[in-house]
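> Next up is a structure, given as structure tokens.
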Amino acid sequence: MIAAGYGRRALPWLRGALITIVCLIFVLPIVWLFAAAFKTNVQVTDPTVGLIFSPTLDNFRNVLADGEVVAALRNSLIVGVVSTVLSAIIAVPAAWAVGRFRMHRTGSLVLVARIVPAISLLVPWYYLFAQAGLVGSYTVLVLSHMFVSVPLILWIMIGFFEGLPTELEEAARTDGLSVFGAFWRIALPLAAPGTTTASVLAFIFSWNNFMFALIFSDEDTQTAPVTLFHFISYASTDWGGLMAAASLMTVPVVIVAVLGQKYLVAGLTAGATKG
Amino acid sequence: MSVTSAAARRPASTRGTRGTRGARPQRSFEQANRRLKWAMLTPALAFVGLMIVFPLVFTLNLAFTDAFGAVNAGKGYIGLRNFTDALTDVRRFWPAVGRTAAFTAGAVLIETVLGLALAMLMRRPFRGSRWVRTILIIPLLTTPVAVGILWLLILDPTNGIANHLLTSVGLPPQEFLGSVGQSLPVLMLIDVWQWTPMMTLLLLAGLATLPAEPEEAAHVDGAGRWQRFRFVVLPMLFPTLATALILRAIDALKTFDILYATKGPGGGSDFEVETLNVYAYGLTFDYQEYGLASAVLVLFTLAIVGVVVLLRRRPGRKSA
């Protein structure tokens with residue numbers, strides 16, 4: 001929209017064609033995954049069966065009847081929701097304080113969390129949590145996932161609050177609201193879109209997390225990526241089931257992406273243009 | 001309790017603004033309530049301290065010990081032994097360093113070039129751009145383990161569609177992830193598939209903030225398409241490009257999920273995709289070599305910090 005005001009459009013059809021090809025490259029593998037989930041095991045391993053075949057729901061039926069995948073999806077949901085809610089509770093007020101009081105040095109601590117390799121925290125966490133007998137509990141999973149979501153929410157929300165005009169909060173303060181009141185009644189409702197975006201992204205990254213759950217979950221608390229990983233070794237016998245399970249993991253993400261594209265892009269790219 | 005303290009302090013802070021006139025809104029905010037500010041920050045800071053800073057110190061300490069085996073076993077200090085062991089290990093450590101560097105440099109370079117090209121392609125509005133953006137965010141939001149599974153299916157040497165397509169146009173079939181030599185490059189390309197969209201989105205956000213005037217002026221002066229891109233857009237876009245590159249490089253260095261999910265412990269039978277992250281993971285959880293693992297992680301963290309510092313410094317000089 002900015003640079004559109006000048007220059008003739010060279011070969012618009014070429015641009016359209018290139019964009020279409022790019023889209024196919026990114027979307028076809030996902031489509032292939034979903035298609036495979038509806039194939040019989042004979043069809044999955046036959047590359048001449050393309051995207052046109054008579055679909056079967058057997059893979060989903062088997063996977064859902066098994067119970068392990070259902071339990072794993074439930075565990076992922078529990079850990080994702082709890083870690084995201086707790087992270088938002090501690091990160092959103094902190095982001096407001098950093099943004100409003102311009103505490104950029106404190107805010108840059110967030111970058112540290114981004115740079116540190118998670119494995120260097122896994123060693124001491126494992127060491128301490130194992131001694132406390134906590135490995136395998138939801139508590140440890142939630143805490144470890146918060147390592148990703150707290151910095152993520154801070155990162156997005158600091159930028160969001162900085163972009164929010166201060167006038168309304170000022171007016172509320174003049175009218176006798178405390179500083180906390182200004183945050184609670186004015187800034188927080190205004191920040192609802194930002195908080196939602198940040199929370200949705202935090203949930204997705206928790207949903208996707210593999211490394212922490214690989215170490216900290218046990219049979220009862222195993223999250224979906226770990227269950228999928230254990231399924232890979234049986235892939236030669238049950239490709240269809242594996243694809244159905246992977247599809248069940250991916251479908252929620254695709255739905256969220258379709259519904260919230262605009263906000264998710266804004267959240268993912270937050271802070272990058274400030275340099 | 002923070003609420004009451006806020007209310008109690010407010011009159012004082014109002015009195016404190018020198019001269020009732022001209023107190024800038026920003027200033028009264030800053031003076032408003034120091035205690036409340038810290039109350040709101042404390043939970044987050046406590047979390048960062050307990051879950052990040054303390055463990056880092058713990059790891060640093062472990063790196064100088066012979067911690068091994070059971071987590072409650074005794075450990076003794078052995079000085080720099082773990083570091084010298086790691087740095088003289090040409091069988092696992094240095095190859096892992098090389099793979100980490102190759103994977104990161106290759107993936108990030110391709111992602112930057114493709115991401116920039118794609119961003120320029122999508123820069124001006126077009127019909128359906130909403131859907132294109134939706135398609136672009138799907139790969140990077142998809143569970144890495146599921147991404148690994150999906151490519152295992154496509155690239156399966158005997159039953160995969162990739163070899164079927166290759167042979168149907170007369171090319172020889174490939175081993176892909178089944179071969180020692182091809183595994184790392186193939187995983188690099190999977191990373192490119194998953195993360196090029198992120199580069200594109202970051203650069204599109206950067207492009208949207210650029211002023212139109214310099215480009216229009218260059219156009220009036222007769223600069224061609226390529227010249228406008230090379231000498232006007234690219235220099236203006238440089239800060240965003242540098243930030244995007246650093247963020248992507250940090251994440252690429254730490255890639256674990258996709259490597260471990262597709263090749264398993266040790267990065268395959270011949271350690272063919274064992275990067276520093278996978279190596280440190282194996283040392284910790286397969287061999288219980290906590291001391292050595294910590295030393296490797298300390299070196300790895302320092303290397304990442306080094307890369308970030310390096311990338312931050314260089315663009316400044318190059319951009320001219």
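Labeling convention for the structure tokens: chains A, B, ... as they appear, residues from 1 per chain, ligands from 1 in order of appearance.
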In segment 37-68 of chain A, what's alpha helix (DSSP H) per DSSP? Answer as a list in words?

Ala37, Asn41, Val42, Gln43, Val44, Asp58, Asn59, Phe60, Arg61, Asn62, Val63, Leu64, Ala65, Asp66 and Glu68 of chain A

> What does the file look like for those residues with N, CA, C and O atoms, as a compact mmCIF listing (two decimals), in the first residue's frame?


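File written: part-v8.txt
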```txt
# COMPACT_ATOMS: atom_id res chain seq x y z
N ALA A 37 -3.80 -39.35 6.71
CA ALA A 37 -4.55 -39.78 7.90
C ALA A 37 -5.85 -40.48 7.52
O ALA A 37 -6.39 -41.25 8.30
N ASN A 41 -3.56 -48.35 5.43
CA ASN A 41 -2.12 -48.52 5.51
C ASN A 41 -1.51 -48.94 4.18
O ASN A 41 -0.34 -48.66 3.91
N VAL A 42 -2.29 -49.59 3.35
CA VAL A 42 -1.79 -49.95 2.01
C VAL A 42 -1.66 -48.69 1.16
O VAL A 42 -0.67 -48.48 0.47
N GLN A 43 -2.66 -47.81 1.27
CA GLN A 43 -2.63 -46.59 0.45
C GLN A 43 -1.54 -45.62 0.89
O GLN A 43 -0.91 -44.97 0.07
N VAL A 44 -1.30 -45.55 2.22
CA VAL A 44 -0.29 -44.61 2.72
C VAL A 44 1.07 -44.93 2.14
O VAL A 44 1.83 -44.04 1.75
N ASP A 58 -10.86 -45.16 9.67
CA ASP A 58 -10.32 -46.22 10.54
C ASP A 58 -9.15 -45.75 11.39
O ASP A 58 -9.06 -46.10 12.57
N ASN A 59 -8.23 -44.98 10.77
CA ASN A 59 -7.06 -44.53 11.53
C ASN A 59 -7.46 -43.74 12.76
O ASN A 59 -6.92 -43.94 13.85
N PHE A 60 -8.41 -42.83 12.56
CA PHE A 60 -8.85 -42.02 13.70
C PHE A 60 -9.56 -42.89 14.73
O PHE A 60 -9.37 -42.72 15.93
N ARG A 61 -10.36 -43.83 14.22
CA ARG A 61 -11.08 -44.71 15.14
C ARG A 61 -10.08 -45.50 16.01
O ARG A 61 -10.21 -45.55 17.23
N ASN A 62 -9.06 -46.06 15.35
CA ASN A 62 -8.06 -46.84 16.10
C ASN A 62 -7.33 -45.98 17.12
O ASN A 62 -7.14 -46.37 18.27
N VAL A 63 -6.91 -44.79 16.66
CA VAL A 63 -6.12 -43.92 17.53
C VAL A 63 -6.95 -43.47 18.73
O VAL A 63 -6.48 -43.46 19.87
N LEU A 64 -8.21 -43.12 18.49
CA LEU A 64 -9.05 -42.64 19.58
C LEU A 64 -9.44 -43.78 20.52
O LEU A 64 -9.59 -43.57 21.72
N ALA A 65 -9.57 -44.99 19.97
CA ALA A 65 -9.93 -46.13 20.81
C ALA A 65 -8.76 -46.54 21.70
O ALA A 65 -8.96 -47.06 22.80
N ASP A 66 -7.55 -46.28 21.22
CA ASP A 66 -6.36 -46.68 21.94
C ASP A 66 -6.26 -46.00 23.31
O ASP A 66 -5.81 -46.59 24.28
N GLU A 68 -4.28 -43.85 24.49
CA GLU A 68 -3.00 -43.21 24.80
C GLU A 68 -2.92 -41.81 24.19
O GLU A 68 -2.47 -40.86 24.82
```

> Please indicate the distance in Å from atom CA of Phe103 of chain B to atom CA of Ala162 of chain B, rounded to one decimal place.

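A separation of 22.0 Å between them.
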
> Residues at most 8 Å from Val142 of chain A, counting only C-alpha atoms, excluding those fewer than 4 positions away in the same chain, as a VMD selection string?

chain A and resid 79 to 80 82 to 83 138 146

> Okay, now the selection with N, CA and C atoms, as an mmCIF file, in the first residue's frame?


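Okay, this is what ended up in out.cif:
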```cif
data_model
loop_
_atom_site.group_PDB
_atom_site.id
_atom_site.type_symbol
_atom_site.label_atom_id
_atom_site.label_comp_id
_atom_site.auth_asym_id
_atom_site.auth_seq_id
_atom_site.Cartn_x
_atom_site.Cartn_y
_atom_site.Cartn_z
ATOM 1 N N VAL A 79 -1.509 -28.869 30.494
ATOM 2 C CA VAL A 79 -0.235 -28.177 30.708
ATOM 3 C C VAL A 79 -0.226 -26.848 29.959
ATOM 4 N N GLY A 80 -0.741 -26.853 28.727
ATOM 5 C CA GLY A 80 -0.758 -25.624 27.929
ATOM 6 C C GLY A 80 -1.602 -24.535 28.569
ATOM 7 N N VAL A 82 -2.746 -24.269 31.777
ATOM 8 C CA VAL A 82 -2.281 -23.821 33.097
ATOM 9 C C VAL A 82 -1.017 -22.970 32.965
ATOM 10 N N SER A 83 -0.050 -23.431 32.150
ATOM 11 C CA SER A 83 1.189 -22.661 32.045
ATOM 12 C C SER A 83 0.931 -21.308 31.390
ATOM 13 N N TYR A 138 2.691 -32.817 36.854
ATOM 14 C CA TYR A 138 2.232 -31.676 36.065
ATOM 15 C C TYR A 138 2.968 -30.405 36.476
ATOM 16 N N MET A 146 6.578 -22.673 31.286
ATOM 17 C CA MET A 146 6.540 -21.233 31.569
ATOM 18 C C MET A 146 7.858 -20.559 31.220
#
```

> Can you tell me which residues surround Met199 of chain B at a distance of at most 9 Å, considering only C-alpha atoms, apart from same-chain residues fewer than 6 positions away, and format the answer as a list in words?

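So, after excluding close chain neighbours, the residues are Glu111, Thr112, Leu114, Gly115, Leu116, Ala119, Leu241, Ala244, Leu245 and Arg248 of chain B.
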
> Can you list, as a ChimeraX atom specification, every protein, DNA or RNA residue that comes within 9 Å of Leu189 of chain B when you count only C-alpha atoms, leaving out same-chain residues fewer than 3 positions away?

/B:106-107,110,184-186,192-194

> Identify, on the basis of only C-alpha atoms, every residue whose closest approach to Phe26 of chain A does not exceed 9 Å; exclude the query and any residue fewer than 4 positions from it along the same chain; express the result as a ChimeraX atom specification.

/A:21-22,30 /B:135-136,138-139,193-194,197

> I need the residues from that last selection saved to file as a PDB file, in the first residue's frame (with N, CA and C atoms), if you can.


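Everything below was put into part02.pdb:
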```
ATOM      1  N   ILE A  21       2.850 -20.686  -6.466  1.00  0.00           N
ATOM      2  CA  ILE A  21       3.804 -21.792  -6.296  1.00  0.00           C
ATOM      3  C   ILE A  21       4.321 -21.825  -4.856  1.00  0.00           C
ATOM      4  N   VAL A  22       4.674 -20.652  -4.341  1.00  0.00           N
ATOM      5  CA  VAL A  22       5.183 -20.573  -2.969  1.00  0.00           C
ATOM      6  C   VAL A  22       4.151 -21.140  -1.992  1.00  0.00           C
ATOM      7  N   ILE A  30       1.427 -30.208   4.344  1.00  0.00           N
ATOM      8  CA  ILE A  30       0.415 -30.320   5.397  1.00  0.00           C
ATOM      9  C   ILE A  30      -0.815 -31.055   4.863  1.00  0.00           C
TER      10      ILE A  30
ATOM     11  N   ILE B 135      -1.447 -19.209   5.184  1.00  0.00           N
ATOM     12  CA  ILE B 135      -0.664 -20.379   4.775  1.00  0.00           C
ATOM     13  C   ILE B 135       0.766 -20.268   5.302  1.00  0.00           C
ATOM     14  N   LEU B 136       1.301 -19.043   5.305  1.00  0.00           N
ATOM     15  CA  LEU B 136       2.681 -18.863   5.751  1.00  0.00           C
ATOM     16  C   LEU B 136       2.856 -19.145   7.243  1.00  0.00           C
ATOM     17  N   ILE B 138       1.192 -21.287   9.055  1.00  0.00           N
ATOM     18  CA  ILE B 138       0.905 -22.666   9.460  1.00  0.00           C
ATOM     19  C   ILE B 138       2.178 -23.503   9.686  1.00  0.00           C
ATOM     20  N   PRO B 139       3.163 -23.494   8.758  1.00  0.00           N
ATOM     21  CA  PRO B 139       4.343 -24.316   9.023  1.00  0.00           C
ATOM     22  C   PRO B 139       5.037 -23.972  10.339  1.00  0.00           C
ATOM     23  N   TRP B 193      11.957 -24.993   5.115  1.00  0.00           N
ATOM     24  CA  TRP B 193      10.515 -25.049   4.850  1.00  0.00           C
ATOM     25  C   TRP B 193       9.728 -24.462   6.029  1.00  0.00           C
ATOM     26  N   GLN B 194      10.135 -24.826   7.248  1.00  0.00           N
ATOM     27  CA  GLN B 194       9.351 -24.386   8.398  1.00  0.00           C
ATOM     28  C   GLN B 194       9.558 -22.916   8.753  1.00  0.00           C
ATOM     29  N   PRO B 197       8.977 -18.744   6.234  1.00  0.00           N
ATOM     30  CA  PRO B 197       7.827 -17.850   6.429  1.00  0.00           C
ATOM     31  C   PRO B 197       8.036 -16.848   7.555  1.00  0.00           C
TER      32      PRO B 197
END
```

> Contacts of Thr223 of chain A at 6 Å or less, counting only C-alpha atoms, minus same-chain residues fewer than 3 places along, as number ranges by chain?

A: 72, 75-76, 226

> Using only C-alpha atoms for the distances, tell me which of B:Thr275, B:Thr134, B:Gln288, B:Asn163 is nearest to Tyr260 of chain B.

B:Thr275

> Between B:Gly291, B:Gly98, B:Gly128, B:Pro157, which has the minimum distance to Ile78 of chain B (counting only C-alpha atoms)?

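So, comparing all the options, the nearest one is B:Gly291.
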
> Suppose you want the space between atom CA of Trp131 of chain B and atom CA of Leu247 of chain B; what is it in Å?

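We find that atom CA of Trp131 of chain B and atom CA of Leu247 of chain B lie 25.3 Å from each other.
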